[in-house]
file target.pdb (PDB, C-alpha atoms and all ligand atoms)
MODEL        1
ATOM      1  CA  MET W   1      63.134 113.169 129.865  1.00  0.00           C
ATOM      2  CA  THR W   2      63.422 116.568 131.556  1.00  0.00           C
ATOM      3  CA  ASP W   3      60.783 119.335 131.556  1.00  0.00           C
ATOM      4  CA  PHE W   4      61.034 122.187 129.099  1.00  0.00           C
ATOM      5  CA  THR W   5      63.546 124.814 130.216  1.00  0.00           C
ATOM      6  CA  ARG W   6      63.505 128.409 129.011  1.00  0.00           C
ATOM      7  CA  VAL W   7      66.923 128.933 127.425  1.00  0.00           C
ATOM      8  CA  ALA W   8      66.796 132.203 125.463  1.00  0.00           C
ATOM      9  CA  ASP W   9      64.735 135.154 124.348  1.00  0.00           C
ATOM     10  CA  ALA W  10      63.356 134.270 120.941  1.00  0.00           C
ATOM     11  CA  ALA W  11      64.259 137.718 119.648  1.00  0.00           C
ATOM     12  CA  GLU W  12      67.923 137.440 120.551  1.00  0.00           C
ATOM     13  CA  ILE W  13      68.784 134.668 118.064  1.00  0.00           C
ATOM     14  CA  PRO W  14      68.984 135.928 114.468  1.00  0.00           C
ATOM     15  CA  ASP W  15      67.574 133.913 111.588  1.00  0.00           C
ATOM     16  CA  PRO W  16      69.720 132.188 110.487  1.00  0.00           C
ATOM     17  CA  GLY W  17      71.666 132.013 113.691  1.00  0.00           C
ATOM     18  CA  LYS W  18      72.884 129.821 116.528  1.00  0.00           C
ATOM     19  CA  THR W  19      73.899 130.041 120.132  1.00  0.00           C
ATOM     20  CA  LEU W  20      75.094 127.853 122.957  1.00  0.00           C
ATOM     21  CA  VAL W  21      72.796 127.274 125.928  1.00  0.00           C
ATOM     22  CA  GLU W  22      72.853 125.106 129.024  1.00  0.00           C
ATOM     23  CA  VAL W  23      70.034 122.765 129.963  1.00  0.00           C
ATOM     24  CA  ALA W  24      70.238 120.659 133.118  1.00  0.00           C
ATOM     25  CA  GLY W  25      74.006 120.920 133.094  1.00  0.00           C
ATOM     26  CA  GLU W  26      74.362 119.906 129.438  1.00  0.00           C
ATOM     27  CA  MET W  27      75.643 122.202 126.705  1.00  0.00           C
ATOM     28  CA  ILE W  28      73.165 122.464 123.863  1.00  0.00           C
ATOM     29  CA  ALA W  29      73.592 124.078 120.446  1.00  0.00           C
ATOM     30  CA  LEU W  30      70.444 126.064 119.625  1.00  0.00           C
ATOM     31  CA  PHE W  31      69.700 126.980 115.993  1.00  0.00           C
ATOM     32  CA  HIS W  32      67.228 129.320 114.325  1.00  0.00           C
ATOM     33  CA  VAL W  33      66.706 128.699 110.614  1.00  0.00           C
ATOM     34  CA  GLU W  34      63.854 129.723 108.351  1.00  0.00           C
ATOM     35  CA  GLY W  35      61.633 130.637 111.258  1.00  0.00           C
ATOM     36  CA  ARG W  36      62.123 127.455 113.256  1.00  0.00           C
ATOM     37  CA  TYR W  37      64.321 126.549 116.217  1.00  0.00           C
ATOM     38  CA  TYR W  38      66.301 123.338 116.658  1.00  0.00           C
ATOM     39  CA  ALA W  39      68.483 121.969 119.440  1.00  0.00           C
ATOM     40  CA  LEU W  40      71.349 119.457 119.334  1.00  0.00           C
ATOM     41  CA  ASP W  41      73.913 118.225 121.795  1.00  0.00           C
ATOM     42  CA  ASP W  42      76.937 120.492 121.418  1.00  0.00           C
ATOM     43  CA  ILE W  43      78.974 117.373 120.723  1.00  0.00           C
ATOM     44  CA  CYS W  44      80.254 116.065 117.421  1.00  0.00           C
ATOM     45  CA  THR W  45      80.031 112.278 117.512  1.00  0.00           C
ATOM     46  CA  HIS W  46      83.345 111.949 115.703  1.00  0.00           C
ATOM     47  CA  ASP W  47      85.551 113.256 118.482  1.00  0.00           C
ATOM     48  CA  GLY W  48      83.586 115.673 120.643  1.00  0.00           C
ATOM     49  CA  GLY W  49      83.947 118.849 118.584  1.00  0.00           C
ATOM     50  CA  PRO W  50      81.786 121.831 119.658  1.00  0.00           C
ATOM     51  CA  LEU W  51      78.995 122.042 117.082  1.00  0.00           C
ATOM     52  CA  ALA W  52      77.790 125.480 118.174  1.00  0.00           C
ATOM     53  CA  ASP W  53      81.151 126.865 117.006  1.00  0.00           C
ATOM     54  CA  GLY W  54      80.727 125.426 113.531  1.00  0.00           C
ATOM     55  CA  GLU W  55      79.529 126.934 110.288  1.00  0.00           C
ATOM     56  CA  LEU W  56      75.752 126.909 109.846  1.00  0.00           C
ATOM     57  CA  ARG W  57      74.498 126.619 106.299  1.00  0.00           C
ATOM     58  CA  ASP W  58      70.845 125.943 105.540  1.00  0.00           C
ATOM     59  CA  HIS W  59      69.907 123.109 107.894  1.00  0.00           C
ATOM     60  CA  LYS W  60      73.463 121.790 108.236  1.00  0.00           C
ATOM     61  CA  ILE W  61      76.048 122.513 110.910  1.00  0.00           C
ATOM     62  CA  ALA W  62      79.695 121.683 110.172  1.00  0.00           C
ATOM     63  CA  CYS W  63      81.917 120.606 113.050  1.00  0.00           C
ATOM     64  CA  PRO W  64      84.762 123.124 113.336  1.00  0.00           C
ATOM     65  CA  ARG W  65      87.344 120.435 114.035  1.00  0.00           C
ATOM     66  CA  HIS W  66      87.302 118.048 111.064  1.00  0.00           C
ATOM     67  CA  GLY W  67      84.307 119.168 109.055  1.00  0.00           C
ATOM     68  CA  ALA W  68      81.663 116.501 109.709  1.00  0.00           C
ATOM     69  CA  LYS W  69      78.202 117.848 108.952  1.00  0.00           C
ATOM     70  CA  PHE W  70      75.009 117.194 110.884  1.00  0.00           C
ATOM     71  CA  ASP W  71      71.361 117.867 110.065  1.00  0.00           C
ATOM     72  CA  ILE W  72      70.177 120.335 112.719  1.00  0.00           C
ATOM     73  CA  ARG W  73      66.593 119.021 112.375  1.00  0.00           C
ATOM     74  CA  THR W  74      67.386 115.424 113.279  1.00  0.00           C
ATOM     75  CA  GLY W  75      70.977 115.262 114.500  1.00  0.00           C
ATOM     76  CA  ALA W  76      71.814 112.884 111.646  1.00  0.00           C
ATOM     77  CA  ALA W  77      75.467 112.652 110.654  1.00  0.00           C
ATOM     78  CA  LEU W  78      75.617 113.661 106.998  1.00  0.00           C
ATOM     79  CA  THR W  79      79.312 113.469 106.168  1.00  0.00           C
ATOM     80  CA  MET W  80      82.537 111.864 107.292  1.00  0.00           C
ATOM     81  CA  PRO W  81      84.299 111.558 109.587  1.00  0.00           C
ATOM     82  CA  ALA W  82      81.183 111.391 111.798  1.00  0.00           C
ATOM     83  CA  VAL W  83      79.010 108.346 111.229  1.00  0.00           C
ATOM     84  CA  ARG W  84      76.661 108.506 114.203  1.00  0.00           C
ATOM     85  CA  ALA W  85      73.882 110.984 114.892  1.00  0.00           C
ATOM     86  CA  THR W  86      74.168 113.453 117.715  1.00  0.00           C
ATOM     87  CA  ARG W  87      71.139 113.864 119.979  1.00  0.00           C
ATOM     88  CA  ALA W  88      68.416 116.222 118.839  1.00  0.00           C
ATOM     89  CA  HIS W  89      66.103 117.716 121.465  1.00  0.00           C
ATOM     90  CA  ASP W  90      62.577 119.102 121.643  1.00  0.00           C
ATOM     91  CA  VAL W  91      62.124 122.844 121.244  1.00  0.00           C
ATOM     92  CA  LYS W  92      59.127 125.136 121.640  1.00  0.00           C
ATOM     93  CA  VAL W  93      58.516 128.876 121.609  1.00  0.00           C
ATOM     94  CA  GLU W  94      56.249 130.110 124.370  1.00  0.00           C
ATOM     95  CA  GLY W  95      55.668 133.723 125.194  1.00  0.00           C
ATOM     96  CA  ASP W  96      58.835 135.511 124.171  1.00  0.00           C
ATOM     97  CA  GLY W  97      61.136 132.636 125.012  1.00  0.00           C
ATOM     98  CA  VAL W  98      62.652 129.543 123.437  1.00  0.00           C
ATOM     99  CA  TRP W  99      62.311 126.394 125.537  1.00  0.00           C
ATOM    100  CA  VAL W 100      64.252 123.146 125.241  1.00  0.00           C
ATOM    101  CA  ARG W 101      63.454 119.719 126.620  1.00  0.00           C
ATOM    102  CA  LEU W 102      66.267 117.157 126.630  1.00  0.00           C
ATOM    103  CA  ARG W 103      65.648 113.759 125.148  1.00  0.00           C
ATOM    104  CA  ASP W 104      67.103 110.803 126.985  1.00  0.00           C
ATOM    105  CA  ASP W 105      67.675 108.489 124.074  1.00  0.00           C
ATOM    106  CA  ALA W 106      71.326 108.008 123.351  1.00  0.00           C
ATOM    107  CA  THR W 107      70.571 107.229 119.719  1.00  0.00           C
ATOM    108  CA  ALA W 108      68.980 110.258 118.189  1.00  0.00           C
ATOM    109  CA  ASP W 109      66.143 109.667 115.789  1.00  0.00           C
ATOM    110  CA  GLY W 110      65.057 113.259 115.565  1.00  0.00           C
ATOM    111  CA  PRO W 111      63.222 115.351 118.105  1.00  0.00           C
ATOM    112  CA  ALA W 112      59.509 115.166 118.705  1.00  0.00           C
ATOM    113  CA  ALA W 113      59.275 118.935 118.552  1.00  0.00           C
ATOM    114  CA  HIS W 114      60.782 121.739 116.517  1.00  0.00           C
ATOM    115  CA  ALA W 115      59.469 125.181 117.341  1.00  0.00           C
ATOM    116  CA  SER W 116      58.589 127.819 114.818  1.00  0.00           C
ATOM    117  CA  SER W 117      59.233 131.461 115.555  1.00  0.00           C
ATOM    118  CA  THR W 118      55.508 131.815 116.064  1.00  0.00           C
ATOM    119  CA  PRO W 119      54.792 131.200 119.748  1.00  0.00           C
ATOM    120  CA  ALA W 120      52.740 128.101 120.406  1.00  0.00           C
ATOM    121  CA  SER W 121      51.699 126.309 123.522  1.00  0.00           C
ATOM    122  CA  THR W 122      52.265 122.864 122.061  1.00  0.00           C
ATOM    123  CA  PRO W 123      55.248 121.890 119.990  1.00  0.00           C
ATOM    124  CA  ALA W 124      54.887 121.022 116.364  1.00  0.00           C
ATOM    125  CA  SER W 125      55.652 117.513 115.266  1.00  0.00           C
ATOM    126  CA  ALA W 126      58.622 117.311 113.022  1.00  0.00           C
ATOM    127  CA  ALA W 127      60.407 114.046 113.584  1.00  0.00           C
ATOM    128  CA  ALA W 128      62.583 112.579 110.935  1.00  0.00           C
ATOM    129  CA  SER W 129      64.843 109.622 111.063  1.00  0.00           C
ATOM    130  CA  ALA W 130      68.521 110.120 111.599  1.00  0.00           C
ATOM    131  CA  GLY W 131      71.082 108.597 109.319  1.00  0.00           C
ATOM    132  CA  GLY W 132      74.459 107.239 110.164  1.00  0.00           C
ATOM    133  CA  SER W 133      76.106 103.883 110.023  1.00  0.00           C
ATOM    134  CA  PRO W 134      75.932 101.412 112.837  1.00  0.00           C
ATOM    135  CA  ALA W 135      78.935 101.443 115.090  1.00  0.00           C
ATOM    136  CA  ALA W 136      80.979  98.295 115.156  1.00  0.00           C
ATOM    137  CA  THR W 137      82.708  96.985 118.202  1.00  0.00           C
ATOM    138  CA  THR W 138      84.769  94.186 116.804  1.00  0.00           C
ATOM    139  CA  ALA W 139      87.993  93.969 114.880  1.00  0.00           C
ATOM    140  CA  ALA W 140      87.523  94.065 111.162  1.00  0.00           C
ATOM    141  CA  ALA W 141      90.867  92.907 109.873  1.00  0.00           C
ATOM    142  CA  THR W 142      90.345  89.798 107.868  1.00  0.00           C
ATOM    143  CA  THR W 143      92.319  86.693 108.397  1.00  0.00           C
ATOM    144  CA  GLY W 144      93.108  84.185 105.703  1.00  0.00           C
ATOM    145  CA  THR W 145      95.946  82.683 103.748  1.00  0.00           C
ATOM    146  CA  PRO W 146      99.255  84.299 104.709  1.00  0.00           C
ATOM    147  CA  PRO W 147     100.336  86.702 101.957  1.00  0.00           C
ATOM    148  CA  THR W 148     103.184  85.721  99.665  1.00  0.00           C
ATOM    149  CA  GLY W 149     104.956  87.276  96.693  1.00  0.00           C
ATOM    150  CA  ALA W 150     107.580  89.960  96.334  1.00  0.00           C
ATOM    151  CA  LEU W 151     107.395  92.799  98.803  1.00  0.00           C
ATOM    152  CA  SER W 152     107.030  96.293  97.412  1.00  0.00           C
ATOM    153  CA  GLU W 153     105.243  99.467  98.453  1.00  0.00           C
ATOM    154  CA  ASP W 154     102.346  98.525  96.166  1.00  0.00           C
ATOM    155  CA  SER W 155     102.062  94.977  97.476  1.00  0.00           C
ATOM    156  CA  ILE W 156     102.166  96.236 101.059  1.00  0.00           C
ATOM    157  CA  ARG W 157      99.374  98.718 100.367  1.00  0.00           C
ATOM    158  CA  GLU W 158      97.357  95.840  98.894  1.00  0.00           C
ATOM    159  CA  MET W 159      97.927  93.813 102.044  1.00  0.00           C
ATOM    160  CA  LEU W 160      96.847  96.758 104.183  1.00  0.00           C
ATOM    161  CA  LYS W 161      93.449  96.725 102.490  1.00  0.00           C
ATOM    162  CA  ASP W 162      92.719  93.856 104.864  1.00  0.00           C
ATOM    163  CA  VAL W 163      92.835  96.324 107.775  1.00  0.00           C
ATOM    164  CA  LYS W 164      89.470  97.989 108.179  1.00  0.00           C
ATOM    165  CA  ASP W 165      88.227 100.781 110.377  1.00  0.00           C
ATOM    166  CA  PRO W 166      85.914  99.036 112.867  1.00  0.00           C
ATOM    167  CA  GLU W 167      83.279 101.788 112.694  1.00  0.00           C
ATOM    168  CA  LEU W 168      83.311 102.557 109.004  1.00  0.00           C
ATOM    169  CA  PHE W 169      84.109  99.086 107.598  1.00  0.00           C
ATOM    170  CA  VAL W 170      86.388 100.745 105.042  1.00  0.00           C
ATOM    171  CA  ASN W 171      90.024  99.728 104.712  1.00  0.00           C
ATOM    172  CA  ILE W 172      92.731 102.094 105.897  1.00  0.00           C
ATOM    173  CA  VAL W 173      94.273 102.484 102.436  1.00  0.00           C
ATOM    174  CA  ASP W 174      91.067 103.687 100.808  1.00  0.00           C
ATOM    175  CA  LEU W 175      90.373 105.906 103.819  1.00  0.00           C
ATOM    176  CA  GLY W 176      93.674 107.648 103.097  1.00  0.00           C
ATOM    177  CA  LEU W 177      95.184 106.827 106.488  1.00  0.00           C
ATOM    178  CA  VAL W 178      98.434 105.338 105.111  1.00  0.00           C
ATOM    179  CA  TYR W 179     100.814 108.217 104.468  1.00  0.00           C
ATOM    180  CA  GLY W 180     103.984 106.270 103.737  1.00  0.00           C
ATOM    181  CA  VAL W 181     105.508 102.806 103.356  1.00  0.00           C
ATOM    182  CA  THR W 182     109.228 102.011 103.707  1.00  0.00           C
ATOM    183  CA  LEU W 183     111.145  98.769 103.275  1.00  0.00           C
ATOM    184  CA  GLU W 184     114.684  98.027 104.326  1.00  0.00           C
ATOM    185  CA  PRO W 185     116.658  94.807 104.720  1.00  0.00           C
ATOM    186  CA  ALA W 186     116.417  93.486 108.241  1.00  0.00           C
ATOM    187  CA  ALA W 187     119.891  93.545 109.770  1.00  0.00           C
ATOM    188  CA  ASP W 188     119.257  90.560 111.992  1.00  0.00           C
ATOM    189  CA  ALA W 189     117.275  88.430 109.528  1.00  0.00           C
ATOM    190  CA  PRO W 190     119.054  87.915 106.194  1.00  0.00           C
ATOM    191  CA  GLY W 191     116.712  87.879 103.205  1.00  0.00           C
ATOM    192  CA  LYS W 192     113.876  89.505 105.136  1.00  0.00           C
ATOM    193  CA  GLN W 193     112.535  93.052 105.252  1.00  0.00           C
ATOM    194  CA  LYS W 194     111.745  95.535 107.959  1.00  0.00           C
ATOM    195  CA  ILE W 195     108.567  97.444 107.097  1.00  0.00           C
ATOM    196  CA  GLY W 196     107.782 100.973 108.266  1.00  0.00           C
ATOM    197  CA  ILE W 197     104.275 102.393 108.008  1.00  0.00           C
ATOM    198  CA  ASP W 198     103.477 106.076 108.497  1.00  0.00           C
ATOM    199  CA  MET W 199      99.828 106.130 109.421  1.00  0.00           C
ATOM    200  CA  THR W 200      97.436 108.818 110.533  1.00  0.00           C
ATOM    201  CA  MET W 201      94.071 108.719 112.305  1.00  0.00           C
ATOM    202  CA  THR W 202      90.878 110.592 111.534  1.00  0.00           C
ATOM    203  CA  SER W 203      91.415 112.431 114.834  1.00  0.00           C
ATOM    204  CA  PRO W 204      94.127 112.511 117.520  1.00  0.00           C
ATOM    205  CA  ALA W 205      91.886 110.671 119.963  1.00  0.00           C
ATOM    206  CA  CYS W 206      90.528 108.154 117.466  1.00  0.00           C
ATOM    207  CA  PRO W 207      89.243 105.280 119.630  1.00  0.00           C
ATOM    208  CA  ALA W 208      90.057 102.756 116.901  1.00  0.00           C
ATOM    209  CA  GLY W 209      93.745 103.729 116.891  1.00  0.00           C
ATOM    210  CA  PRO W 210      95.202 100.887 118.968  1.00  0.00           C
ATOM    211  CA  GLN W 211      93.188  98.342 117.016  1.00  0.00           C
ATOM    212  CA  LEU W 212      94.269  99.707 113.649  1.00  0.00           C
ATOM    213  CA  ILE W 213      97.921  99.676 114.697  1.00  0.00           C
ATOM    214  CA  GLY W 214      97.655  96.117 115.990  1.00  0.00           C
ATOM    215  CA  ASP W 215      95.848  94.877 112.879  1.00  0.00           C
ATOM    216  CA  THR W 216      98.403  96.564 110.625  1.00  0.00           C
ATOM    217  CA  LYS W 217     101.279  94.818 112.373  1.00  0.00           C
ATOM    218  CA  ARG W 218      99.491  91.485 112.357  1.00  0.00           C
ATOM    219  CA  VAL W 219      98.567  91.575 108.671  1.00  0.00           C
ATOM    220  CA  LEU W 220     102.067  92.533 107.515  1.00  0.00           C
ATOM    221  CA  ALA W 221     103.916  90.257 109.910  1.00  0.00           C
ATOM    222  CA  ALA W 222     102.075  87.310 108.395  1.00  0.00           C
ATOM    223  CA  HIS W 223     104.172  87.644 105.219  1.00  0.00           C
ATOM    224  CA  ALA W 224     107.061  85.188 105.229  1.00  0.00           C
ATOM    225  CA  ASP W 225     109.573  87.832 104.114  1.00  0.00           C
ATOM    226  CA  VAL W 226     108.721  90.360 106.837  1.00  0.00           C
ATOM    227  CA  ALA W 227     111.023  90.386 109.840  1.00  0.00           C
ATOM    228  CA  ALA W 228     109.557  93.387 111.673  1.00  0.00           C
ATOM    229  CA  VAL W 229     106.852  96.037 111.339  1.00  0.00           C
ATOM    230  CA  GLU W 230     107.036  99.516 112.780  1.00  0.00           C
ATOM    231  CA  VAL W 231     103.913 101.713 112.731  1.00  0.00           C
ATOM    232  CA  ARG W 232     104.526 105.416 113.197  1.00  0.00           C
ATOM    233  CA  ILE W 233     101.520 107.639 113.906  1.00  0.00           C
ATOM    234  CA  VAL W 234     101.672 110.911 112.011  1.00  0.00           C
ATOM    235  CA  MET W 235      99.192 113.695 112.729  1.00  0.00           C
ATOM    236  CA  ASP W 236     100.742 116.321 110.457  1.00  0.00           C
ATOM    237  CA  PRO W 237      99.317 116.925 107.973  1.00  0.00           C
ATOM    238  CA  PRO W 238      96.000 116.077 109.598  1.00  0.00           C
ATOM    239  CA  TRP W 239      93.657 113.665 107.877  1.00  0.00           C
ATOM    240  CA  THR W 240      90.848 115.250 105.881  1.00  0.00           C
ATOM    241  CA  PRO W 241      87.939 113.539 104.090  1.00  0.00           C
ATOM    242  CA  ASP W 242      89.346 114.450 100.677  1.00  0.00           C
ATOM    243  CA  ARG W 243      92.086 111.863 101.242  1.00  0.00           C
ATOM    244  CA  MET W 244      89.546 109.083 100.707  1.00  0.00           C
ATOM    245  CA  THR W 245      89.505 107.221  97.407  1.00  0.00           C
ATOM    246  CA  GLU W 246      86.444 107.021  95.186  1.00  0.00           C
ATOM    247  CA  ALA W 247      86.004 103.436  96.392  1.00  0.00           C
ATOM    248  CA  ALA W 248      85.763 104.620  99.997  1.00  0.00           C
ATOM    249  CA  ARG W 249      83.333 107.374  99.065  1.00  0.00           C
ATOM    250  CA  ASP W 250      81.151 104.889  97.225  1.00  0.00           C
ATOM    251  CA  GLN W 251      81.206 102.551 100.177  1.00  0.00           C
ATOM    252  CA  LEU W 252      80.211 105.333 102.567  1.00  0.00           C
ATOM    253  CA  GLY W 253      77.589 106.736 100.250  1.00  0.00           C
ATOM    254  CA  ILE W 254      79.388 110.076  99.890  1.00  0.00           C
ATOM    255  CA  PHE W 255      79.029 111.727  96.504  1.00  0.00           C
TER
HETATM  256  S1  LIG K   1      85.416 116.220 116.102  1.00  0.00           S
HETATM  257 FE1  LIG K   1      83.893 116.783 114.708  1.00  0.00          FE
HETATM  258  S2  LIG K   1      84.584 116.128 112.791  1.00  0.00           S
HETATM  259 FE2  LIG K   1      86.102 115.489 114.179  1.00  0.00          FE
ENDMDL
END

call {"tool": "encode", "arguments": {"input": "target.pdb", "output": "structure tokens"}}
result
Amino acid sequence: MTDFTRVADAAEIPDPGKTLVEVAGEMIALFHVEGRYYALDDICTHDGGPLADGELRDHKIACPRHGAKFDIRTGAALTMPAVRATRAHDVKVEGDGVWVRLRDDATADGPAAHASSTPASTPASAAASAGGSPAATTAAATTGTPPTGALSEDSIREMLKDVKDPELFVNIVDLGLVYGVTLEPAADAPGKQKIGIDMTMTSPACPAGPQLIGDTKRVLAAHADVAAVEVRIVMDPPWTPDRMTEAARDQLGIF
């Protein structure tokens, strides 16, 4: 853990307000809300969006890239597509300045100190636990009896419910990642079908992308009537959380 660093004049940040500061070479989003100051990494845990550029409302900051919201008091991820907390740091007001001390812990569980606008020599205690789902590192596509039955767009979407996002544990159909399904007779395999899937990702640099593509091909190719599977990645229109089904929202605890 670093020492406290003076990062701003307390008077220069409106209430409510935010600014971007640098502490020990790291970019930190500094917030002032209802008389207290808070500091978070300027990094959205979904895909690195700059939180200091987002919209601040009450104690929530919305990532400007895909809309994930974080609690500025704890760093907790509050809404999709972010599921992990961003780091929250200690803040104090001393003299006429705002001071920030970086926390080392990679998993934020809320800062030890949040400073009020009233100068104090010791930081107030205001820790709170951060939310967020545990990150998964393993493939989540299920394996089982090879699918059978007539192929159709509906049956293919059902099959694709076996392909799950490895971080969210929600299938790609309910997440709204499957934009289109096409079937056409395979020219080189009489009686079989060539399947095309138009699929998007929650962000262009989604780390789960290669796994989701591979699992999609594997699940569909297991059907006896499938000769080939082509997965096309489509980023326009971009994915937004409102593409999720009610089932996905329930699973993620989003209401
Ligand atoms: S980078 Fe922040 S929501 Fe996607």

call {"tool": "resolve_selection", "arguments": {"input": "target.pdb", "expression": "the PyMOL selection byres (((not hetatm)) within 7 of (chain K and resi 1))", "output": "number ranges by chain"}}
result
W: 44-49, 63-68, 81-82, 203

call {"tool": "resolve_selection", "arguments": {"input": "target.pdb", "expression": "the PyMOL selection byres (((chain W and resi 78) around 9) and not hetatm)", "output": "JSON, numbers by chain"}}
result
{"W": [60, 68, 69, 70, 71, 75, 76, 77, 79, 80, 82, 83, 84, 85, 131, 132, 254]}

call {"tool": "atom_distance", "arguments": {"input": "target.pdb", "atom1": "atom CA of W:Leu102", "atom2": "atom CA of W:Asp15"}}
result
22.6 Å

call {"tool": "resolve_selection", "arguments": {"input": "target.pdb", "expression": "the PyMOL selection byres (((chain W and resi 100) around 7) and not hetatm)", "output": "PyMOL selection string"}}
result
chain W and resi 4-7+89-92+98-99+101-102

call {"tool": "write_last_selection", "arguments": {"input": "target.pdb", "atoms": "C-alpha atoms", "output": "compact mmCIF listing (two decimals), in the coordinates of the input"}}
result
# COMPACT_ATOMS: atom_id res chain seq x y z
CA PHE W 4 61.03 122.19 129.10
CA THR W 5 63.55 124.81 130.22
CA ARG W 6 63.50 128.41 129.01
CA VAL W 7 66.92 128.93 127.42
CA HIS W 89 66.10 117.72 121.46
CA ASP W 90 62.58 119.10 121.64
CA VAL W 91 62.12 122.84 121.24
CA LYS W 92 59.13 125.14 121.64
CA VAL W 98 62.65 129.54 123.44
CA TRP W 99 62.31 126.39 125.54
CA ARG W 101 63.45 119.72 126.62
CA LEU W 102 66.27 117.16 126.63

call {"tool": "closest_residue", "arguments": {"input": "target.pdb", "among": "W:Met27, W:Asp242, W:Val231, W:Pro16", "to": "W:Ile61", "atoms": "all atoms listed in the file"}}
result
W:Pro16

call {"tool": "atom_distance", "arguments": {"input": "target.pdb", "atom1": "atom CA of W:Pro238", "atom2": "atom CA of W:Gly180"}}
result
13.9 Å

call {"tool": "closest_residue", "arguments": {"input": "target.pdb", "among": "W:Ala62, W:Ala88, W:Val234, W:Glu153", "to": "W:Leu30", "atoms": "all atoms listed in the file"}}
result
W:Ala88

call {"tool": "residues_around", "arguments": {"input": "target.pdb", "residues": "stretch 185-190 of chain W", "least_positions_apart": "4", "cutoff": "10 Å", "atoms": "only C-alpha atoms", "output": "PyMOL selection string"}}
result
chain W and resi 194-195+225-228

call {"tool": "atom_distance", "arguments": {"input": "target.pdb", "atom1": "atom CA of W:Ile72", "atom2": "atom CA of W:Gly95"}}
result
23.4 Å

call {"tool": "residues_around", "arguments": {"input": "target.pdb", "residues": "W:Gly196", "least_positions_apart": "4", "cutoff": "10 Å", "atoms": "only C-alpha atoms", "output": "list in words"}}
result
Gly180, Val181, Thr182, Leu183, Glu184, Lys217, Ala228, Val229, Glu230, Val231 and Arg232 of chain W

call {"tool": "residues_near_point", "arguments": {"input": "target.pdb", "point": "(65.0, 128.0, 112.5)", "cutoff": "10 Å", "atoms": "only C-alpha atoms", "output": "tab-separated table (two decimals) with C-alpha atoms, keeping the file's coordinate frame"}}
result
chain	number	residue	atom	x	y	z
W	13	ILE	CA	68.78	134.67	118.06
W	14	PRO	CA	68.98	135.93	114.47
W	15	ASP	CA	67.57	133.91	111.59
W	16	PRO	CA	69.72	132.19	110.49
W	17	GLY	CA	71.67	132.01	113.69
W	18	LYS	CA	72.88	129.82	116.53
W	30	LEU	CA	70.44	126.06	119.62
W	31	PHE	CA	69.70	126.98	115.99
W	32	HIS	CA	67.23	129.32	114.32
W	33	VAL	CA	66.71	128.70	110.61
W	34	GLU	CA	63.85	129.72	108.35
W	35	GLY	CA	61.63	130.64	111.26
W	36	ARG	CA	62.12	127.46	113.26
W	37	TYR	CA	64.32	126.55	116.22
W	38	TYR	CA	66.30	123.34	116.66
W	39	ALA	CA	68.48	121.97	119.44
W	58	ASP	CA	70.84	125.94	105.54
W	59	HIS	CA	69.91	123.11	107.89
W	72	ILE	CA	70.18	120.34	112.72
W	73	ARG	CA	66.59	119.02	112.38
W	114	HIS	CA	60.78	121.74	116.52
W	115	ALA	CA	59.47	125.18	117.34
W	116	SER	CA	58.59	127.82	114.82
W	117	SER	CA	59.23	131.46	115.56

call {"tool": "closest_residue", "arguments": {"input": "target.pdb", "among": "W:Gln211, W:Pro204, W:Leu175, W:Lys192", "to": "W:Asp250", "atoms": "all atoms listed in the file"}}
result
W:Leu175

call {"tool": "closest_residue", "arguments": {"input": "target.pdb", "among": "W:Pro147, W:Gly176, W:Gly25, W:Pro166", "to": "W:Met201", "atoms": "only C-alpha atoms"}}
result
W:Gly176

call {"tool": "axis_aligned_box", "arguments": {"input": "target.pdb", "around": "stretch 208-223 of chain W", "padding_each_side": "3 Å", "output": "JSON"}}
result
{"center_x": 97.1, "center_y": 95.5, "center_z": 112.1, "size_x": 20.1, "size_y": 22.4, "size_z": 19.7}
